[in-house]
$ cat target.cif   # mmCIF, C-alpha atoms
data_work
loop_
_atom_site.label_atom_id
_atom_site.label_comp_id
_atom_site.auth_asym_id
_atom_site.auth_seq_id
_atom_site.Cartn_x
_atom_site.Cartn_y
_atom_site.Cartn_z
CA MET A 1 74.38 -72.11 11.17
CA ASN A 2 70.97 -70.44 10.94
CA ARG A 3 72.07 -67.39 12.94
CA PRO A 4 73.29 -65.26 9.99
CA ARG A 5 70.11 -66.03 8.05
CA ASN A 6 67.94 -65.21 11.07
CA PHE A 7 69.88 -62.00 11.63
CA ARG A 8 69.23 -60.90 8.04
CA VAL A 9 65.52 -61.67 8.44
CA TYR A 10 65.31 -59.74 11.72
CA PHE A 11 67.29 -56.85 10.25
CA LEU A 12 65.00 -56.69 7.21
CA LEU A 13 61.89 -56.75 9.41
CA ALA A 14 63.32 -53.98 11.57
CA VAL A 15 64.05 -51.80 8.52
CA LEU A 16 60.56 -52.36 7.16
CA ALA A 17 59.02 -51.55 10.56
CA ILE A 18 61.02 -48.33 10.90
CA GLY A 19 60.14 -47.33 7.35
CA GLY A 20 56.46 -47.95 8.02
CA ILE A 21 56.54 -45.89 11.23
CA VAL A 22 58.34 -43.01 9.48
CA LEU A 23 55.80 -43.07 6.64
CA LEU A 24 52.90 -43.11 9.10
CA LEU A 25 54.33 -40.23 11.11
CA ARG A 26 55.01 -38.20 7.98
CA GLU A 27 51.49 -38.78 6.70
CA HIS A 28 49.81 -37.80 9.94
CA ARG A 29 52.10 -34.99 11.00
CA PRO A 30 50.66 -31.48 11.04
CA SER A 31 51.84 -28.85 8.60
CA PHE A 32 54.70 -26.50 9.48
CA LEU A 33 54.99 -22.76 8.88
CA ARG A 34 57.37 -19.97 9.78
CA PRO A 35 56.84 -18.76 13.38
CA ASP A 36 55.33 -15.48 12.15
CA LEU A 37 52.75 -17.16 9.89
CA HIS A 38 49.39 -18.65 10.79
CA LEU A 39 47.11 -20.90 8.76
CA SER A 40 43.54 -21.29 10.00
CA ALA A 41 40.14 -22.50 8.83
CA TYR A 42 36.92 -20.74 9.85
CA VAL A 43 33.65 -22.64 10.02
CA THR A 44 30.19 -21.16 10.66
CA THR A 45 27.77 -23.19 12.78
CA ALA A 46 24.00 -23.21 13.25
CA ASP A 47 24.21 -21.63 16.72
CA GLY A 48 25.72 -18.39 15.35
CA ASN A 49 29.38 -19.08 16.09
CA VAL A 50 32.54 -19.27 14.01
CA THR A 51 34.91 -22.05 15.00
CA VAL A 52 38.61 -21.38 14.36
CA VAL A 53 40.72 -24.42 13.44
CA ASP A 54 44.53 -24.21 13.57
CA LEU A 55 45.66 -26.11 10.46
CA VAL A 56 49.19 -26.50 11.79
CA LYS A 57 48.19 -28.07 15.10
CA LEU A 58 45.09 -29.66 13.52
CA LYS A 59 42.72 -28.69 16.32
CA ALA A 60 39.99 -26.17 17.10
CA VAL A 61 41.46 -23.25 19.04
CA ALA A 62 38.60 -20.73 19.36
CA ARG A 63 34.84 -20.35 19.11
CA ILE A 64 33.70 -16.82 18.29
CA PRO A 65 30.08 -15.65 18.81
CA VAL A 66 29.04 -13.69 15.71
CA GLY A 67 25.24 -13.68 15.35
CA PRO A 68 22.23 -15.58 14.03
CA GLY A 69 21.80 -17.02 10.54
CA LEU A 70 25.42 -16.85 9.40
CA SER A 71 26.00 -17.12 5.66
CA GLY A 72 28.30 -16.21 2.78
CA MET A 73 31.61 -16.27 4.68
CA ARG A 74 34.69 -15.27 2.63
CA GLU A 75 38.30 -14.44 3.45
CA HIS A 76 39.59 -11.11 2.12
CA PRO A 77 42.02 -11.68 -0.77
CA THR A 78 44.79 -9.49 0.71
CA ARG A 79 43.86 -8.23 4.19
CA ALA A 80 44.00 -10.34 7.36
CA GLU A 81 40.21 -10.34 7.66
CA VAL A 82 37.29 -12.71 7.24
CA PHE A 83 33.90 -11.35 6.09
CA GLY A 84 30.39 -12.79 6.26
CA VAL A 85 26.74 -11.83 6.65
CA SER A 86 24.07 -12.51 9.23
CA THR A 87 20.91 -13.25 7.26
CA THR A 88 18.72 -13.03 10.35
CA GLY A 89 20.45 -9.95 11.77
CA GLY A 90 20.64 -8.06 8.48
CA TYR A 91 24.30 -7.07 8.81
CA LEU A 92 27.74 -7.74 7.38
CA TRP A 93 30.40 -8.75 9.91
CA ILE A 94 34.18 -8.55 9.85
CA LEU A 95 36.45 -10.86 11.86
CA ASP A 96 40.10 -10.11 12.62
CA PRO A 97 41.91 -13.49 12.68
CA ARG A 98 44.90 -12.02 14.53
CA ILE A 99 42.80 -11.45 17.65
CA SER A 100 39.94 -13.87 16.91
CA GLN A 101 37.30 -11.17 17.39
CA VAL A 102 34.55 -9.55 15.36
CA THR A 103 35.68 -5.96 14.80
CA ALA A 104 32.68 -4.57 12.90
CA ARG A 105 29.00 -5.18 12.17
CA ILE A 106 27.57 -3.10 9.33
CA SER A 107 23.81 -2.94 8.81
CA VAL A 108 22.98 -3.65 5.16
CA GLY A 109 19.25 -4.43 5.21
CA PRO A 110 17.02 -7.47 5.69
CA LEU A 111 18.05 -10.97 4.56
CA PRO A 112 21.56 -10.73 3.08
CA TYR A 113 22.86 -14.13 1.92
CA ALA A 114 26.22 -13.72 0.18
CA LEU A 115 29.02 -11.30 -0.63
CA ASP A 116 31.78 -10.67 -3.15
CA PHE A 117 34.89 -8.48 -3.35
CA SER A 118 35.91 -6.01 -6.03
CA ARG A 119 38.92 -7.00 -8.11
CA ASP A 120 41.24 -4.72 -6.09
CA GLY A 121 39.76 -5.83 -2.75
CA ASN A 122 38.76 -2.29 -1.78
CA ARG A 123 35.01 -2.85 -1.98
CA ILE A 124 32.64 -5.54 -0.87
CA TYR A 125 29.22 -6.11 -2.43
CA THR A 126 26.17 -7.75 -0.90
CA THR A 127 22.41 -7.76 -1.38
CA ALA A 128 19.48 -7.32 0.97
CA SER A 129 16.85 -9.64 -0.49
CA GLY A 130 14.21 -8.40 1.97
CA ASN A 131 14.08 -4.91 0.44
CA ASN A 132 15.56 -5.54 -3.04
CA THR A 133 18.80 -3.62 -2.55
CA LEU A 134 22.40 -3.93 -3.76
CA VAL A 135 24.97 -2.47 -1.36
CA ALA A 136 28.64 -1.52 -1.82
CA ILE A 137 30.90 -1.11 1.26
CA ASN A 138 34.42 0.32 1.50
CA CYS A 139 36.60 -2.33 3.15
CA HIS A 140 38.91 0.24 4.74
CA SER A 141 36.45 2.79 6.14
CA ARG A 142 33.63 0.25 6.73
CA ALA A 143 31.23 2.81 5.23
CA ILE A 144 28.44 2.09 2.77
CA VAL A 145 29.46 3.98 -0.38
CA ALA A 146 26.59 3.11 -2.74
CA ARG A 147 23.12 1.57 -2.83
CA ALA A 148 20.86 0.57 -5.71
CA THR A 149 17.46 -0.94 -6.21
CA THR A 150 17.38 -4.40 -7.79
CA ARG A 151 14.68 -6.68 -9.10
CA ARG A 152 12.79 -8.92 -6.66
CA GLU A 153 14.66 -10.99 -4.04
CA PRO A 154 18.33 -10.54 -4.92
CA VAL A 155 20.25 -13.42 -3.31
CA LEU A 156 23.72 -13.01 -4.79
CA ALA A 157 26.06 -10.28 -6.04
CA HIS A 158 28.99 -11.37 -8.23
CA VAL A 159 31.73 -9.14 -9.65
CA THR A 160 32.72 -9.86 -13.25
CA PRO A 161 36.40 -10.71 -13.91
CA ASP A 162 37.02 -7.37 -15.63
CA GLY A 163 35.77 -5.59 -12.49
CA LYS A 164 33.39 -3.37 -14.44
CA SER A 165 30.06 -4.95 -13.51
CA VAL A 166 28.25 -6.52 -10.58
CA LEU A 167 25.84 -9.29 -11.54
CA VAL A 168 22.84 -9.68 -9.26
CA VAL A 169 20.89 -12.93 -9.18
CA ASN A 170 17.24 -12.09 -8.50
CA ARG A 171 15.55 -15.27 -7.30
CA ARG A 172 11.87 -14.32 -7.19
CA ASP A 173 12.11 -12.22 -10.32
CA GLY A 174 13.92 -14.97 -12.26
CA SER A 175 16.42 -12.51 -13.69
CA LEU A 176 20.07 -11.55 -13.85
CA GLY A 177 20.69 -7.84 -13.25
CA VAL A 178 23.83 -6.16 -14.66
CA HIS A 179 24.94 -3.20 -12.50
CA ASP A 180 27.82 -0.76 -12.88
CA ALA A 181 30.49 -1.70 -10.33
CA THR A 182 31.20 1.92 -9.35
CA THR A 183 27.77 3.57 -9.26
CA LEU A 184 25.65 0.37 -8.96
CA ALA A 185 23.35 1.77 -11.66
CA LEU A 186 21.34 -0.94 -13.40
CA ARG A 187 22.55 -1.36 -17.00
CA GLY A 188 20.17 -4.13 -17.94
CA SER A 189 18.21 -7.17 -16.81
CA VAL A 190 17.89 -10.58 -18.49
CA SER A 191 15.20 -13.17 -17.75
CA VAL A 192 16.78 -16.54 -16.86
CA VAL A 193 15.79 -19.91 -15.44
CA ALA A 194 13.21 -19.83 -12.62
CA GLN A 195 14.46 -19.30 -9.05
CA PRO A 196 18.13 -18.71 -9.94
CA GLU A 197 20.68 -18.99 -7.13
CA ASP A 198 24.22 -18.91 -8.54
CA VAL A 199 26.23 -17.50 -11.44
CA ALA A 200 29.58 -18.21 -13.09
CA VAL A 201 31.30 -15.86 -15.56
CA LEU A 202 33.89 -16.52 -18.27
CA PRO A 203 37.34 -14.92 -17.70
CA ASP A 204 36.74 -12.41 -20.52
CA SER A 205 33.40 -11.37 -18.93
CA SER A 206 31.51 -12.20 -22.11
CA LEU A 207 29.15 -14.96 -20.91
CA ALA A 208 27.42 -15.83 -17.66
CA PHE A 209 25.96 -19.18 -16.64
CA VAL A 210 23.05 -19.01 -14.22
CA LEU A 211 22.09 -22.01 -12.08
CA SER A 212 18.81 -22.87 -10.36
CA ARG A 213 18.70 -25.67 -7.81
CA SER A 214 15.01 -26.21 -8.53
CA GLU A 215 15.28 -26.60 -12.33
CA ARG A 216 16.99 -29.10 -14.63
CA ARG A 217 18.25 -26.26 -16.78
CA ILE A 218 21.05 -23.73 -16.77
CA SER A 219 20.82 -20.34 -18.50
CA VAL A 220 23.53 -18.91 -20.76
CA VAL A 221 23.57 -15.09 -20.89
CA ASP A 222 25.52 -12.90 -23.32
CA LEU A 223 26.68 -10.04 -21.07
CA ARG A 224 27.90 -7.82 -23.91
CA ARG A 225 24.55 -7.82 -25.71
CA GLY A 226 22.46 -8.29 -22.58
CA VAL A 227 20.43 -11.21 -23.95
CA LEU A 228 19.63 -14.81 -23.08
CA VAL A 229 21.52 -17.12 -25.43
CA THR A 230 19.91 -20.42 -24.45
CA ASN A 231 18.72 -22.65 -21.62
CA LEU A 232 20.69 -25.90 -21.52
CA GLU A 233 18.91 -29.08 -20.42
CA LEU A 234 20.61 -31.04 -17.62
CA ALA A 235 20.36 -34.65 -16.47
CA GLY A 236 19.14 -33.60 -13.01
CA LYS A 237 18.65 -30.62 -10.70
CA PRO A 238 22.11 -29.14 -10.01
CA THR A 239 23.59 -28.20 -6.64
CA ASP A 240 26.96 -26.76 -7.70
CA MET A 241 28.90 -25.63 -10.75
CA LEU A 242 32.62 -25.05 -11.24
CA LEU A 243 34.29 -23.18 -14.08
CA LYS A 244 37.76 -24.13 -15.33
CA PRO A 245 40.24 -21.26 -14.84
CA ASP A 246 40.62 -20.89 -18.62
CA GLY A 247 36.84 -20.82 -19.01
CA GLY A 248 36.77 -23.71 -21.46
CA GLU A 249 34.47 -26.01 -19.51
CA LEU A 250 31.82 -25.74 -16.83
CA TYR A 251 31.23 -28.73 -14.53
CA VAL A 252 27.72 -29.09 -13.14
CA ILE A 253 27.16 -31.43 -10.17
CA SER A 254 23.78 -33.08 -9.58
CA PRO A 255 22.87 -35.49 -6.76
CA GLU A 256 19.66 -36.30 -8.61
CA ALA A 257 21.70 -37.50 -11.61
CA HIS A 258 24.38 -39.12 -9.36
CA GLY A 259 27.21 -37.36 -11.15
CA LEU A 260 28.41 -34.38 -13.13
CA GLN A 261 28.08 -33.00 -16.63
CA ALA A 262 30.73 -31.09 -18.55
CA ILE A 263 29.50 -28.12 -20.59
CA ASN A 264 31.55 -26.68 -23.44
CA THR A 265 31.38 -22.95 -22.75
CA TRP A 266 32.36 -21.96 -26.31
CA THR A 267 29.74 -24.03 -28.15
CA HIS A 268 27.17 -24.00 -25.30
CA GLU A 269 26.80 -27.76 -25.58
CA VAL A 270 26.36 -30.32 -22.80
CA GLY A 271 29.17 -32.84 -23.24
CA ASP A 272 30.52 -35.70 -21.14
CA TYR A 273 28.63 -37.17 -18.22
CA MET A 274 30.26 -39.00 -15.28
CA VAL A 275 28.60 -41.13 -12.59
CA LEU A 276 30.28 -40.32 -9.25
CA GLY A 277 28.19 -41.86 -6.47
CA SER A 278 24.98 -41.73 -4.48
CA ALA A 279 24.47 -37.98 -4.03
CA PRO A 280 27.40 -35.84 -5.25
CA THR A 281 26.69 -32.33 -4.01
CA ARG A 282 29.60 -29.87 -3.90
CA GLY A 283 32.99 -29.69 -5.61
CA VAL A 284 36.35 -27.93 -5.67
CA LEU A 285 38.88 -27.74 -8.51
CA SER A 286 42.65 -27.74 -8.08
CA GLU A 287 44.45 -24.63 -9.34
CA ASP A 288 45.72 -26.43 -12.45
CA ALA A 289 42.20 -27.84 -13.06
CA ALA A 290 43.59 -31.39 -13.18
CA LEU A 291 41.74 -32.72 -10.13
CA LEU A 292 38.17 -32.23 -9.00
CA TYR A 293 37.06 -33.32 -5.51
CA VAL A 294 33.33 -33.93 -5.03
CA SER A 295 31.54 -34.43 -1.70
CA ASP A 296 28.82 -37.10 -1.53
CA THR A 297 26.31 -36.25 1.22
CA ALA A 298 24.54 -39.62 1.14
CA ALA A 299 27.66 -41.81 1.10
CA GLY A 300 29.67 -39.70 3.59
CA ARG A 301 32.76 -39.48 1.42
CA VAL A 302 34.75 -37.40 -1.07
CA THR A 303 35.48 -38.66 -4.58
CA PRO A 304 38.69 -37.54 -6.35
CA VAL A 305 38.25 -37.11 -10.11
CA ASP A 306 40.85 -36.80 -12.85
CA ILE A 307 38.78 -34.30 -14.76
CA PHE A 308 41.06 -34.18 -17.81
CA ASN A 309 40.75 -37.92 -18.45
CA ARG A 310 37.18 -38.12 -17.07
CA ARG A 311 37.93 -40.86 -14.55
CA ILE A 312 37.75 -41.42 -10.81
CA VAL A 313 41.24 -41.55 -9.30
CA ARG A 314 42.12 -45.12 -8.31
CA ASP A 315 45.92 -44.92 -8.53
CA PRO A 316 48.00 -47.16 -6.20
CA GLY A 317 48.88 -45.35 -2.99
CA LYS A 318 45.98 -42.93 -3.43
CA GLY A 319 42.84 -42.98 -1.36
CA PHE A 320 39.67 -43.77 -3.28
CA ARG A 321 36.33 -42.34 -2.16
CA ILE A 322 37.76 -40.78 0.96
CA PRO A 323 35.67 -40.97 4.17
CA ALA A 324 34.62 -37.48 5.32
CA GLY A 325 32.07 -37.85 8.12
CA ASP A 326 28.30 -37.61 7.99
CA SER A 327 26.79 -35.50 5.16
CA PRO A 328 29.95 -33.79 3.83
CA ALA A 329 29.21 -30.61 1.88
CA ALA A 330 31.45 -27.54 1.38
CA LEU A 331 35.09 -28.16 0.39
CA ARG A 332 38.19 -25.95 0.29
CA PHE A 333 41.92 -26.33 -0.26
CA ASP A 334 44.51 -24.60 1.88
CA PRO A 335 46.49 -21.98 -0.14
CA ALA A 336 49.25 -24.46 -1.05
CA GLU A 337 46.75 -27.23 -1.88
CA ASN A 338 48.41 -29.57 0.59
CA LEU A 339 45.20 -30.09 2.56
CA LEU A 340 41.61 -30.57 1.49
CA LEU A 341 39.08 -29.39 4.09
CA VAL A 342 35.54 -30.73 4.11
CA VAL A 343 32.63 -29.56 6.26
CA SER A 344 30.64 -32.55 7.59
CA GLN A 345 27.22 -31.16 8.43
CA GLY A 346 25.70 -34.26 10.02
CA SER A 347 28.58 -35.10 12.35
CA GLY A 348 29.58 -31.48 13.09
CA ASP A 349 33.21 -32.00 12.04
CA LEU A 350 35.85 -30.60 9.75
CA ALA A 351 37.51 -33.42 7.80
CA VAL A 352 41.17 -32.79 6.96
CA ILE A 353 42.51 -34.77 3.98
CA ARG A 354 46.11 -34.97 2.75
CA VAL A 355 45.94 -34.15 -0.97
CA ARG A 356 49.21 -35.88 -1.88
CA THR A 357 47.87 -39.29 -0.87
CA ASN A 358 44.11 -38.61 -0.66
CA PHE A 359 43.93 -40.05 2.87
CA LEU A 360 41.90 -38.69 5.76
CA LEU A 361 44.20 -37.20 8.42
CA THR A 362 41.69 -36.33 11.12
CA MET A 363 38.16 -35.23 11.96
CA ILE A 364 37.99 -32.05 14.06
CA PRO A 365 34.74 -31.25 15.96
CA VAL A 366 33.59 -27.72 15.10
CA GLY A 367 29.99 -27.47 16.34
CA ASP A 368 26.36 -28.03 15.45
CA TYR A 369 25.52 -28.29 11.73
CA PRO A 370 28.49 -26.43 10.20
CA GLN A 371 27.87 -24.60 6.92
CA ASP A 372 30.37 -22.22 5.35
CA LEU A 373 34.14 -22.55 5.27
CA ALA A 374 36.93 -19.99 4.82
CA VAL A 375 40.71 -20.45 4.94
CA LYS A 376 43.20 -17.70 5.76
CA LEU A 377 47.01 -17.56 5.79
CA PHE A 378 48.24 -14.51 7.70
#
$ encode --input "target.cif" --output "C-alpha cells"
Amino acid sequence: MNRPRNFRVYFLLAVLAIGGIVLLLREHRPSFLRPDLHLSAYVTTADGNVTVVDLVKLKAVARIPVGPGLSGMREHPTRAEVFGVSTTGGYLWILDPRISQVTARISVGPLPYALDFSRDGNRIYTTASGNNTLVAINCHSRAIVARATTRREPVLAHVTPDGKSVLVVNRRDGSLGVHDATTLALRGSVSVVAQPEDVAVLPDSSLAFVLSRSERRISVVDLRRGVLVTNLELAGKPTDMLLKPDGGELYVISPEAHGLQAINTWTHEVGDYMVLGSAPTRGVLSEDAALLYVSDTAAGRVTPVDIFNRRIVRDPGKGFRIPAGDSPAALRFDPAENLLLVVSQGSGDLAVIRVRTNFLLTMIPVGDYPQDLAVKLF
C-alpha cells in the first residue's frame, strides 16, 4: 500500500537530483564561441612573462616571455593585438594573440609606465618618465611619428574623448599637461594635487579629475579654460576612480576609508559614501553602470555593488562578497560581461566569476605576482 507513495517520493528526489546536477553543470561549464573565434585573457607577471588564459576552456594555454618590468598592458580596440610597455627595458611591445608571440619592441625612452590609444586606434601614446618625453607611435607602421617634451616625470598619457588632446600626468611636477593630439605641442599646464597618478575626463572633454594615491584630495581641472577649479577633500587616500559612462558621477575607492565616495561631476561636490569592506582597492563598472565590482585586497574577495541604489548586492541566488584568492586587485569583464576576471596577486591566480550568479567558477594559476590584465576577442 505504501509503494505508490514511495514511488512518488523516489521520483521527486530523482527529479530534484537531476535538476541540481544540470544547474551545477550549467554554472560551471566553460563559455562557447564559434569555431573561428577566440576569447583570451592576458596577464603580466613579475618574472617578465605574459600568461595567456583561454576563457572558453578556462585554463592557461601559453606563457610568453616579453621582458622586465611589464606595465600598462592594453588590448587594441579593433586590431588583433595586445600592447604594453617594459618600464625597465624602456620599450613598447606588441603581442599578436593569433600566434602568441611578441611581434615588435619599439624603444620609447627610459621608464614608460602606461599607454593609451587615439580615438581611431591608429596611434598609441606613451610617456618616458626618465627623460620627460611624450611619444606618439603609428600602430600600423610601428614608427614613432612625434615626440614632445613634458614637465617632470610624466607617468601617464590619456587621450580626451574628443580625440583632440593628450593629457599628461606629471608626477614629480604635480601638474597636468594638455598636448595637441596630432603635433604633441604643449597647449598648457595646470598645477594639481601633489604626486598625481591618474586622470579621468568627462565625455564632453570639458573637465578632468586628477587622482593622487598619496593625498586625500582629488583635483578638478577645467580643460577649456586651462585652470584648476578646485581640490575636493576625500575620506581617505584613493587607489582607483571610475567615471560613469554619462559622466554624471565619479566613484573614488579608498582602502584607507574602507569604501567609496560618489562625486557629482556637475556640481563638483562629494556626495554619498559607502562602506564596502576591509581594504577595497580596485573597481570595474558594468556597461550600463548598474553594477560596480570592487576587489578587497585584505579580505581576499570581490564585493558586488548596486551603484544606483547604493547597496551591496545580497539578492537570493547571487553570491555575496565573492572569494577571489589572495590579494585580489585588477578586474575586467569579458566583452559580453558574462565573466568577471580578477587578478589575485598574492596567490598568483586569475579568478573567473560568473556575473549572472556572482559565483566563483575557478582559479587559474598564471604565475608569480600577476599585475595587469587584458581581454581580447579575435
$ closest_atom_pairs --input "target.cif" --of "stretch 75-123 of chain A" --to "stretch 153-175 of chain A" --cutoff "7 Å" --atoms "only C-alpha atoms" --output "tab-separated table"
residue	atom	partner	partner_atom	distance
A:Tyr113	CA	A:Val155	CA	5.9
A:Ala114	CA	A:Leu156	CA	5.6
A:Leu115	CA	A:Ala157	CA	6.3
A:Asp116	CA	A:His158	CA	5.8
A:Ser118	CA	A:Val159	CA	6.4
A:Arg119	CA	A:Gly163	CA	5.6
$ closest_residue --input "target.cif" --among "A:Val52, A:Leu339, A:Ala257, A:Ala329" --to "A:Ser286" --atoms "all atoms listed in the file"
A:Leu339
$ resolve_selection --input "target.cif" --expression "the PyMOL selection byres ((chain A and resi 378) around 7)" --output "PDB file with C-alpha atoms, in the coordinates of the input"
ATOM      1  CA  LEU A  37      52.750 -17.160   9.890  1.00  0.00           C
ATOM      2  CA  HIS A  38      49.390 -18.650  10.790  1.00  0.00           C
ATOM      3  CA  LEU A  39      47.110 -20.900   8.760  1.00  0.00           C
ATOM      4  CA  ALA A  80      44.000 -10.340   7.360  1.00  0.00           C
ATOM      5  CA  LYS A 376      43.200 -17.700   5.760  1.00  0.00           C
ATOM      6  CA  LEU A 377      47.010 -17.560   5.790  1.00  0.00           C
TER       7      LEU A 377
END
$ closest_residue --input "target.cif" --among "A:Gly300, A:Gly247, A:Pro238, A:Gly72" --to "A:Arg216" --atoms "only C-alpha atoms"
A:Pro238
$ closest_residue --input "target.cif" --among "A:Ala194, A:Leu234, A:Leu242, A:Ala336" --to "A:Leu176" --atoms "all atoms listed in the file"
A:Ala194
$ resolve_selection --input "target.cif" --expression "the PyMOL selection byres ((chain A and resi 368) around 6)" --output "MDAnalysis selection string"
chainID A and resid 45:46 348 367 369:370
$ residues_around --input "target.cif" --residues "A:Gly109" --least-positions-apart "5" --cutoff "12 Å" --atoms "all atoms listed in the file" --output "short mmCIF file (atom, residue, chain, number, x, y, z; two decimals) with C-alpha atoms, in the coordinates of the input"
data_model
loop_
_atom_site.label_atom_id
_atom_site.label_comp_id
_atom_site.auth_asym_id
_atom_site.auth_seq_id
_atom_site.Cartn_x
_atom_site.Cartn_y
_atom_site.Cartn_z
CA VAL A 85 26.74 -11.83 6.65
CA SER A 86 24.07 -12.51 9.23
CA THR A 87 20.91 -13.25 7.26
CA THR A 88 18.72 -13.03 10.35
CA GLY A 89 20.45 -9.95 11.77
CA GLY A 90 20.64 -8.06 8.48
CA TYR A 91 24.30 -7.07 8.81
CA LEU A 92 27.74 -7.74 7.38
CA THR A 126 26.17 -7.75 -0.90
CA THR A 127 22.41 -7.76 -1.38
CA ALA A 128 19.48 -7.32 0.97
CA SER A 129 16.85 -9.64 -0.49
CA GLY A 130 14.21 -8.40 1.97
CA ASN A 131 14.08 -4.91 0.44
CA ASN A 132 15.56 -5.54 -3.04
CA THR A 133 18.80 -3.62 -2.55
CA LEU A 134 22.40 -3.93 -3.76
CA VAL A 135 24.97 -2.47 -1.36
CA ILE A 144 28.44 2.09 2.77
CA ARG A 147 23.12 1.57 -2.83
CA PRO A 154 18.33 -10.54 -4.92
#
$ build_atoms --input "target.cif" --residues "stretch 259-275 of chain A" --atoms "N, CA, C and O atoms" --output "short mmCIF file (atom, residue, chain, number, x, y, z; two decimals), keeping the file's coordinate frame"
data_model
loop_
_atom_site.label_atom_id
_atom_site.label_comp_id
_atom_site.auth_asym_id
_atom_site.auth_seq_id
_atom_site.Cartn_x
_atom_site.Cartn_y
_atom_site.Cartn_z
N GLY A 259 25.92 -37.64 -10.53
CA GLY A 259 27.21 -37.36 -11.15
C GLY A 259 27.34 -35.92 -11.59
O GLY A 259 26.71 -35.02 -11.05
N LEU A 260 28.19 -35.72 -12.62
CA LEU A 260 28.41 -34.38 -13.13
C LEU A 260 28.36 -34.39 -14.64
O LEU A 260 28.58 -35.41 -15.30
N GLN A 261 28.07 -33.21 -15.19
CA GLN A 261 28.08 -33.00 -16.63
C GLN A 261 29.08 -31.90 -16.96
O GLN A 261 29.21 -30.92 -16.22
N ALA A 262 29.78 -32.09 -18.07
CA ALA A 262 30.73 -31.09 -18.55
C ALA A 262 30.07 -30.31 -19.69
O ALA A 262 29.54 -30.90 -20.63
N ILE A 263 30.10 -28.98 -19.58
CA ILE A 263 29.50 -28.12 -20.59
C ILE A 263 30.61 -27.37 -21.32
O ILE A 263 31.47 -26.74 -20.67
N ASN A 264 30.61 -27.45 -22.63
CA ASN A 264 31.55 -26.68 -23.44
C ASN A 264 31.06 -25.24 -23.49
O ASN A 264 30.00 -24.95 -24.04
N THR A 265 31.85 -24.34 -22.89
CA THR A 265 31.38 -22.95 -22.75
C THR A 265 31.48 -22.16 -24.06
O THR A 265 30.89 -21.09 -24.18
N TRP A 266 32.23 -22.68 -25.05
CA TRP A 266 32.36 -21.96 -26.31
C TRP A 266 31.22 -22.31 -27.25
O TRP A 266 30.72 -21.46 -27.99
N THR A 267 30.82 -23.60 -27.25
CA THR A 267 29.74 -24.03 -28.15
C THR A 267 28.39 -24.09 -27.44
O THR A 267 27.37 -24.32 -28.10
N HIS A 268 28.39 -23.93 -26.11
CA HIS A 268 27.17 -24.00 -25.30
C HIS A 268 26.50 -25.37 -25.43
O HIS A 268 25.27 -25.47 -25.47
N GLU A 269 27.31 -26.41 -25.46
CA GLU A 269 26.80 -27.76 -25.58
C GLU A 269 27.10 -28.56 -24.32
O GLU A 269 28.19 -28.44 -23.75
N VAL A 270 26.14 -29.40 -23.91
CA VAL A 270 26.36 -30.32 -22.80
C VAL A 270 27.12 -31.51 -23.34
O VAL A 270 26.67 -32.19 -24.26
N GLY A 271 28.30 -31.78 -22.74
CA GLY A 271 29.17 -32.84 -23.24
C GLY A 271 29.17 -34.08 -22.38
O GLY A 271 28.12 -34.68 -22.13
N ASP A 272 30.35 -34.45 -21.88
CA ASP A 272 30.52 -35.70 -21.14
C ASP A 272 29.73 -35.72 -19.85
O ASP A 272 29.52 -34.68 -19.20
N TYR A 273 29.32 -36.93 -19.49
CA TYR A 273 28.63 -37.17 -18.22
C TYR A 273 29.39 -38.24 -17.45
O TYR A 273 29.82 -39.24 -18.02
N MET A 274 29.57 -38.04 -16.13
CA MET A 274 30.26 -39.00 -15.28
C MET A 274 29.40 -39.36 -14.08
O MET A 274 28.87 -38.48 -13.40
N VAL A 275 29.25 -40.67 -13.81
CA VAL A 275 28.60 -41.13 -12.59
C VAL A 275 29.64 -41.12 -11.48
O VAL A 275 30.73 -41.68 -11.63
#
